[in-house]
Amino acid sequence: MHEAFSDRSRRRTETVIFILVCAFYTVRTLATHSGTLIWDEARYLECAVNLSKGWLASDNNTDFVNGPGYPIVLWPFVTSGASLLWPRLINGVFIGLAALLLVRTLRPYAGDRWAAAISLLTAFHPNLVRLGPYIMTEPLTTFCVCAFAHTFAGALREPGCSWRRIAAASVSFAYLIMTRVIFGHVVLVMLAGALVAMPVFRRSRTALVRTALICACSFALCIPYLAYTRAHTGQTLCWSTNGGELLYWMTSHHPGENGHWFSYDDAITRPELAPNHKAFIERVNKLDVPAREAEFSKAAREHITSAPRAVAFNWVCNVCRLVFGFPRSFMPEEVAAVPVIVFNAPLLMLMTLAVVLFGRRPSSVPPEIVILLGMALVYLGGSSLVSGLPRYFFIITPLLWLFTAASLAGNLRVTLVTRTDAGDPKSETPRG
């Protein structure tokens with residue numbers, strides 16, 4: 001009876017969280033909706049229109065800034081001529097499902113309270129609250145990250161080899177890559193890392209074998225996309241065609257610059273940037289996409305070799321921007337950075353403690369959680385080399401919270417002690 005009541009209670013908690021999150025983002029979307037496109041909305045809608053015509057890039061446009069994952073979701077809306085309100089409303093469902101999956105993933109490792117609290121912290125993170133009502137990839141990406149964490153942890157935790165779970169993890173990882181193509185580099189690093197680690201960490205060999213299998217299957221599912229990009233760009237393993245541009249801005253170290261990204265229009269029109277960038281930007285914009293990328297990459301290498309210390313300083317600034325949203329070149333800092341700091345700073349402090357505890361007792365954290373942490377760190381390492389934004393950091397925080405909660409739950413026990421006098425304990429009641 002106790003187990004049945006516990007299961008009912010857990011299902012009730014999951015239902016409440018899902019409805020609460022969906023309701024919040026529905027109300028927020030309705031309150032902020034307009035017919036004006038902002039940020040990257042126009043690009044995603046254009047990609048969806050292209051897909052509806054049977055192509056993602058044409059001979060006249062070989063620019064692969066993002067994968068087809070999110071445009072596929074938008075496809076039915078653009079083909080039916082639906083209002084922009086509908087693709088914006090569906091974000092609440094993605095965020096609600098992400099919170100639901102995060103509860104279920106965390107529960108075996110950290111308990112019900114940790115699971116519920118962290119899922120709500122994720123669902124109501126300031127970056128997600130800000131971007132949730134718009135046609136942006138963050139809600140879908142967050143869902144994909146949580147779906148992969150859930151299926152991956154289940155596949156590795158299962159005593160026997162569950163092909164159904166391995167297939168689910170592979171599909172969710174592949175769709176995550178197609179939604180945020182930087183994870184294409186992550187899957188290759190994870191695959192290589194798992195193969196190298198197998199003979200070294202023999203106790204975790206089963207987990208590493210399954211990790212390698214999932215990564216290999218995920219990569220295989222992405223081969224049609226890579227074949228498509230190769231046919232249009234001539235480059236092998238071409239996940240996107242704007243890496244050189246991002247690296248160019250991250251390494252640029254003219255006076256007043258600290259690696260912050262600027263648009264082409266900014267580079268040409270802003271008086272602080274035009275003297276140093278206008279001629280170069282106007283020249284490379286006349287080239288085809290592969291040649292443009294080659295020029296950006298060449299300029300970035302020249303930045304690095306000419307002033308490595310300045311580039312290192314830019315990298316430090318970029319890491320700070322990635323996590324907290326500042327500093328930005330030639331721009332006033334936003335008040336919006338304050339709630340981001342309030343949410344991210346405690347995570348980093350708790351994670352530091354979790355890493356210390358894990359270092360003392362490595363066996364206290366299951367191998368699947370450690371591997372997911374490794375995935376998060378590889379992603380963050382790659383993201384630190386391009387122009388960092390807090391929304392890039394946010395999407396991986398579910399994995400950071402997963403490791404932090406698992407490590408703290410496996411190493412710490414908080415007790416409440418009631419005393420009858422100055423020194424004699426009356427009772428001890430475990431709390432957590």
# chains A, B, ... in the order shown; residues from 1 in each chain; ligands from 1
>>> residues_around(residues="Gly374 in chain A", least_positions_apart="2", cutoff="12 Å", atoms="only C-alpha atoms", output="tab-separated table (two decimals) with N, CA and C atoms, in the first residue's frame")
chain	number	residue	atom	x	y	z
A	186	VAL	N	30.29	17.35	-30.06
A	186	VAL	CA	30.24	16.69	-28.75
A	186	VAL	C	30.11	15.19	-28.90
A	187	VAL	N	29.26	14.72	-29.80
A	187	VAL	CA	29.05	13.28	-29.95
A	187	VAL	C	30.33	12.59	-30.42
A	189	VAL	N	33.46	13.62	-29.78
A	189	VAL	CA	34.38	13.59	-28.64
A	189	VAL	C	33.96	12.51	-27.64
A	190	MET	N	32.66	12.40	-27.39
A	190	MET	CA	32.18	11.37	-26.46
A	190	MET	C	32.48	9.97	-26.99
A	191	LEU	N	32.28	9.76	-28.28
A	191	LEU	CA	32.57	8.45	-28.88
A	191	LEU	C	34.05	8.11	-28.74
A	193	GLY	N	36.19	9.42	-26.62
A	193	GLY	CA	36.52	9.31	-25.20
A	193	GLY	C	36.10	7.98	-24.61
A	194	ALA	N	34.92	7.49	-24.99
A	194	ALA	CA	34.45	6.20	-24.49
A	194	ALA	C	35.35	5.07	-24.97
A	211	THR	N	27.77	3.64	-23.96
A	211	THR	CA	27.95	5.03	-24.38
A	211	THR	C	28.47	5.09	-25.81
A	367	PRO	N	28.32	5.87	-12.94
A	367	PRO	CA	29.08	6.22	-14.15
A	367	PRO	C	28.26	6.98	-15.19
A	368	GLU	N	26.97	6.67	-15.32
A	368	GLU	CA	26.17	7.38	-16.33
A	368	GLU	C	26.06	8.87	-16.03
A	369	ILE	N	26.05	9.23	-14.74
A	369	ILE	CA	25.98	10.64	-14.37
A	369	ILE	C	27.32	11.33	-14.64
A	370	VAL	N	28.40	10.62	-14.38
A	370	VAL	CA	29.73	11.17	-14.66
A	370	VAL	C	29.90	11.40	-16.16
A	371	ILE	N	29.42	10.47	-16.96
A	371	ILE	CA	29.53	10.61	-18.42
A	371	ILE	C	28.70	11.80	-18.90
A	372	LEU	N	27.52	11.98	-18.34
A	372	LEU	CA	26.70	13.14	-18.71
A	372	LEU	C	27.37	14.45	-18.31
A	376	ALA	N	28.52	17.55	-20.75
A	376	ALA	CA	28.27	18.97	-20.48
A	376	ALA	C	29.56	19.78	-20.56
A	377	LEU	N	30.64	19.25	-20.01
A	377	LEU	CA	31.91	19.98	-20.01
A	377	LEU	C	32.50	20.10	-21.42
A	378	VAL	N	32.34	19.06	-22.22
A	378	VAL	CA	32.80	19.14	-23.61
A	378	VAL	C	32.02	20.22	-24.35
A	379	TYR	N	30.72	20.24	-24.15
A	379	TYR	CA	29.89	21.27	-24.79
A	379	TYR	C	30.30	22.67	-24.33
A	380	LEU	N	30.50	22.84	-23.03
A	380	LEU	CA	30.88	24.16	-22.52
A	380	LEU	C	32.26	24.57	-23.02
A	381	GLY	N	33.17	23.61	-23.12
A	381	GLY	CA	34.49	23.92	-23.65
A	381	GLY	C	34.41	24.42	-25.09
A	396	ILE	N	22.46	23.50	-20.99
A	396	ILE	CA	23.19	22.35	-20.46
A	396	ILE	C	23.06	22.25	-18.94
A	399	LEU	N	22.07	18.96	-16.99
A	399	LEU	CA	23.11	17.95	-16.76
A	399	LEU	C	24.00	18.34	-15.60
A	400	LEU	N	24.28	19.63	-15.45
A	400	LEU	CA	25.08	20.09	-14.31
A	400	LEU	C	24.33	19.88	-13.01
A	402	LEU	N	22.07	17.62	-12.53
A	402	LEU	CA	21.97	16.18	-12.33
A	402	LEU	C	23.21	15.65	-11.61
A	403	PHE	N	24.38	16.06	-12.07
A	403	PHE	CA	25.61	15.62	-11.39
A	403	PHE	C	25.68	16.20	-9.99
>>> select_by_dssp(residues="range 237-298 of chain A", states="alpha helix (DSSP H)", output="ChimeraX atom specification")
/A:243-251,264-269,274-284,289-298
>>> write_last_selection(atoms="C-alpha atoms", output="PDB file, in the first residue's frame")
ATOM      1  CA  GLY A 243      32.101  28.735 -36.917  1.00  0.00           C
ATOM      2  CA  GLY A 244      34.807  30.836 -38.523  1.00  0.00           C
ATOM      3  CA  GLU A 245      32.779  34.021 -38.115  1.00  0.00           C
ATOM      4  CA  LEU A 246      32.164  33.317 -34.428  1.00  0.00           C
ATOM      5  CA  LEU A 247      35.834  32.551 -33.827  1.00  0.00           C
ATOM      6  CA  TYR A 248      36.775  35.765 -35.668  1.00  0.00           C
ATOM      7  CA  TRP A 249      34.850  37.912 -33.205  1.00  0.00           C
ATOM      8  CA  MET A 250      35.957  35.906 -30.158  1.00  0.00           C
ATOM      9  CA  THR A 251      39.619  36.482 -31.048  1.00  0.00           C
ATOM     10  CA  TYR A 264      27.527  42.523 -40.035  1.00  0.00           C
ATOM     11  CA  ASP A 265      25.507  45.737 -39.797  1.00  0.00           C
ATOM     12  CA  ASP A 266      27.172  46.627 -36.496  1.00  0.00           C
ATOM     13  CA  ALA A 267      30.614  45.955 -37.913  1.00  0.00           C
ATOM     14  CA  ILE A 268      29.961  48.289 -40.834  1.00  0.00           C
ATOM     15  CA  THR A 269      28.017  51.107 -39.168  1.00  0.00           C
ATOM     16  CA  ALA A 274      33.893  50.221 -38.614  1.00  0.00           C
ATOM     17  CA  PRO A 275      37.517  51.467 -38.772  1.00  0.00           C
ATOM     18  CA  ASN A 276      38.799  47.986 -37.895  1.00  0.00           C
ATOM     19  CA  HIS A 277      36.218  45.683 -39.486  1.00  0.00           C
ATOM     20  CA  LYS A 278      34.214  47.389 -42.234  1.00  0.00           C
ATOM     21  CA  ALA A 279      36.594  46.768 -45.121  1.00  0.00           C
ATOM     22  CA  PHE A 280      37.173  43.132 -44.172  1.00  0.00           C
ATOM     23  CA  ILE A 281      33.463  42.354 -43.611  1.00  0.00           C
ATOM     24  CA  GLU A 282      32.430  43.963 -46.896  1.00  0.00           C
ATOM     25  CA  ARG A 283      35.092  42.000 -48.751  1.00  0.00           C
ATOM     26  CA  VAL A 284      34.315  38.556 -47.323  1.00  0.00           C
ATOM     27  CA  VAL A 289      30.067  30.582 -48.079  1.00  0.00           C
ATOM     28  CA  PRO A 290      33.071  28.174 -47.970  1.00  0.00           C
ATOM     29  CA  ALA A 291      35.470  30.933 -49.054  1.00  0.00           C
ATOM     30  CA  ARG A 292      33.931  33.338 -46.543  1.00  0.00           C
ATOM     31  CA  GLU A 293      34.400  30.826 -43.738  1.00  0.00           C
ATOM     32  CA  ALA A 294      37.996  30.240 -44.797  1.00  0.00           C
ATOM     33  CA  GLU A 295      38.706  33.974 -44.642  1.00  0.00           C
ATOM     34  CA  PHE A 296      37.118  34.322 -41.203  1.00  0.00           C
ATOM     35  CA  SER A 297      39.117  31.339 -39.923  1.00  0.00           C
ATOM     36  CA  LYS A 298      42.336  32.715 -41.391  1.00  0.00           C
TER      37      LYS A 298
END
>>> residues_around(residues="Glu272 in chain A", least_positions_apart="6", cutoff="10 Å", atoms="only C-alpha atoms", output="VMD selection string")
chain A and resid 254 to 257 266 329 to 330
>>> residues_around(residues="Arg361 in chain A", least_positions_apart="3", cutoff="10 Å", atoms="only C-alpha atoms", output="compact mmCIF listing (two decimals) with C-alpha atoms, in the first residue's frame")
# COMPACT_ATOMS: atom_id res chain seq x y z
CA VAL A 355 33.13 17.93 -7.66
CA VAL A 356 35.24 18.04 -4.48
CA LEU A 357 33.11 15.36 -2.84
CA PHE A 358 33.20 13.25 -5.98
CA SER A 364 29.54 7.79 -4.90
CA VAL A 365 28.32 8.96 -8.33
CA SER A 407 27.01 13.87 -5.81
CA GLY A 410 25.56 10.43 -2.33
CA ASN A 411 27.97 12.18 0.02
>>> atom_distance(atom1="CA of Arg28 in chain A", atom2="CA of Leu347 in chain A")
25.7 Å
>>> closest_residue(among="A:Ala82, A:Ser263, A:Leu100, A:Ala42", to="Arg12 in chain A", atoms="only C-alpha atoms")
A:Leu100
>>> closest_residue(among="A:Gly154, A:Gly325, A:Gly234, A:Gly92", to="Leu128 in chain A", atoms="only C-alpha atoms")
A:Gly92
>>> atom_distance(atom1="CA of Leu97 in chain A", atom2="CA of Leu176 in chain A")
14.8 Å
>>> residues_around(residues="His253 in chain A", least_positions_apart="3", cutoff="8 Å", atoms="only C-alpha atoms", output="PyMOL selection string")
chain A and resi 256-259+303+307+310-311+314
>>> write_last_selection(atoms="N, CA and C atoms", output="PDB file, in the first residue's frame")
ATOM      1  N   GLY A 256      39.112  48.185 -26.823  1.00  0.00           N
ATOM      2  CA  GLY A 256      37.716  48.188 -26.401  1.00  0.00           C
ATOM      3  C   GLY A 256      36.983  46.895 -26.646  1.00  0.00           C
ATOM      4  N   GLU A 257      37.558  45.984 -27.425  1.00  0.00           N
ATOM      5  CA  GLU A 257      36.893  44.714 -27.727  1.00  0.00           C
ATOM      6  C   GLU A 257      37.332  43.641 -26.740  1.00  0.00           C
ATOM      7  N   ASN A 258      36.413  42.757 -26.420  1.00  0.00           N
ATOM      8  CA  ASN A 258      36.733  41.662 -25.495  1.00  0.00           C
ATOM      9  C   ASN A 258      36.163  40.322 -25.959  1.00  0.00           C
ATOM     10  N   GLY A 259      35.967  40.175 -27.281  1.00  0.00           N
ATOM     11  CA  GLY A 259      35.483  38.916 -27.819  1.00  0.00           C
ATOM     12  C   GLY A 259      33.987  38.850 -28.019  1.00  0.00           C
ATOM     13  N   HIS A 303      44.707  36.631 -35.498  1.00  0.00           N
ATOM     14  CA  HIS A 303      44.466  37.272 -34.205  1.00  0.00           C
ATOM     15  C   HIS A 303      45.199  36.530 -33.094  1.00  0.00           C
ATOM     16  N   ALA A 307      48.531  38.167 -30.965  1.00  0.00           N
ATOM     17  CA  ALA A 307      48.364  38.632 -29.577  1.00  0.00           C
ATOM     18  C   ALA A 307      47.699  37.540 -28.745  1.00  0.00           C
ATOM     19  N   ALA A 310      46.030  38.715 -25.408  1.00  0.00           N
ATOM     20  CA  ALA A 310      44.760  39.421 -25.592  1.00  0.00           C
ATOM     21  C   ALA A 310      43.640  38.443 -25.911  1.00  0.00           C
ATOM     22  N   VAL A 311      43.926  37.424 -26.701  1.00  0.00           N
ATOM     23  CA  VAL A 311      42.919  36.415 -27.025  1.00  0.00           C
ATOM     24  C   VAL A 311      42.562  35.602 -25.776  1.00  0.00           C
ATOM     25  N   ASN A 314      40.182  37.609 -23.893  1.00  0.00           N
ATOM     26  CA  ASN A 314      38.871  37.498 -24.527  1.00  0.00           C
ATOM     27  C   ASN A 314      38.176  36.201 -24.122  1.00  0.00           C
TER      28      ASN A 314
END
>>> residues_around(residues="Ala115 in chain A", least_positions_apart="6", cutoff="9 Å", atoms="only C-alpha atoms", output="mmCIF file with N, CA and C atoms, in the first residue's frame")
data_model
loop_
_atom_site.group_PDB
_atom_site.id
_atom_site.type_symbol
_atom_site.label_atom_id
_atom_site.label_comp_id
_atom_site.auth_asym_id
_atom_site.auth_seq_id
_atom_site.Cartn_x
_atom_site.Cartn_y
_atom_site.Cartn_z
ATOM 1 N N LEU A 102 12.943 15.647 -16.419
ATOM 2 C CA LEU A 102 14.015 15.915 -15.465
ATOM 3 C C LEU A 102 13.657 15.381 -14.080
ATOM 4 N N VAL A 103 12.404 15.493 -13.698
ATOM 5 C CA VAL A 103 11.961 14.903 -12.426
ATOM 6 C C VAL A 103 12.223 13.407 -12.424
ATOM 7 N N ARG A 104 11.827 12.753 -13.489
ATOM 8 C CA ARG A 104 11.981 11.296 -13.549
ATOM 9 C C ARG A 104 13.447 10.870 -13.621
ATOM 10 N N THR A 105 14.280 11.681 -14.247
ATOM 11 C CA THR A 105 15.703 11.349 -14.338
ATOM 12 C C THR A 105 16.401 11.506 -12.998
ATOM 13 N N LEU A 106 16.086 12.582 -12.287
ATOM 14 C CA LEU A 106 16.766 12.888 -11.032
ATOM 15 C C LEU A 106 16.333 11.990 -9.884
ATOM 16 N N ARG A 107 15.091 11.543 -9.906
ATOM 17 C CA ARG A 107 14.528 10.846 -8.737
ATOM 18 C C ARG A 107 15.360 9.657 -8.256
ATOM 19 N N PRO A 108 15.842 8.757 -9.130
ATOM 20 C CA PRO A 108 16.614 7.610 -8.627
ATOM 21 C C PRO A 108 17.941 7.990 -7.981
ATOM 22 N N TYR A 109 18.456 9.176 -8.309
ATOM 23 C CA TYR A 109 19.773 9.566 -7.843
ATOM 24 C C TYR A 109 19.745 10.528 -6.667
ATOM 25 N N LEU A 402 22.069 17.624 -12.534
ATOM 26 C CA LEU A 402 21.973 16.176 -12.331
ATOM 27 C C LEU A 402 23.206 15.654 -11.610
ATOM 28 N N ALA A 405 23.303 17.207 -7.902
ATOM 29 C CA ALA A 405 22.349 16.581 -6.983
ATOM 30 C C ALA A 405 22.757 15.155 -6.640
#
>>> closest_residue(among="A:Trp315, A:Trp55, A:Tyr134, A:Phe143", to="Asp40 in chain A", atoms="only C-alpha atoms")
A:Tyr134
>>> closest_residue(among="A:Gly96, A:Pro133, A:Pro139, A:Gly81", to="Tyr392 in chain A", atoms="only C-alpha atoms")
A:Pro139
>>> atom_distance(atom1="CA of Leu121 in chain A", atom2="CA of Phe152 in chain A")
21.8 Å
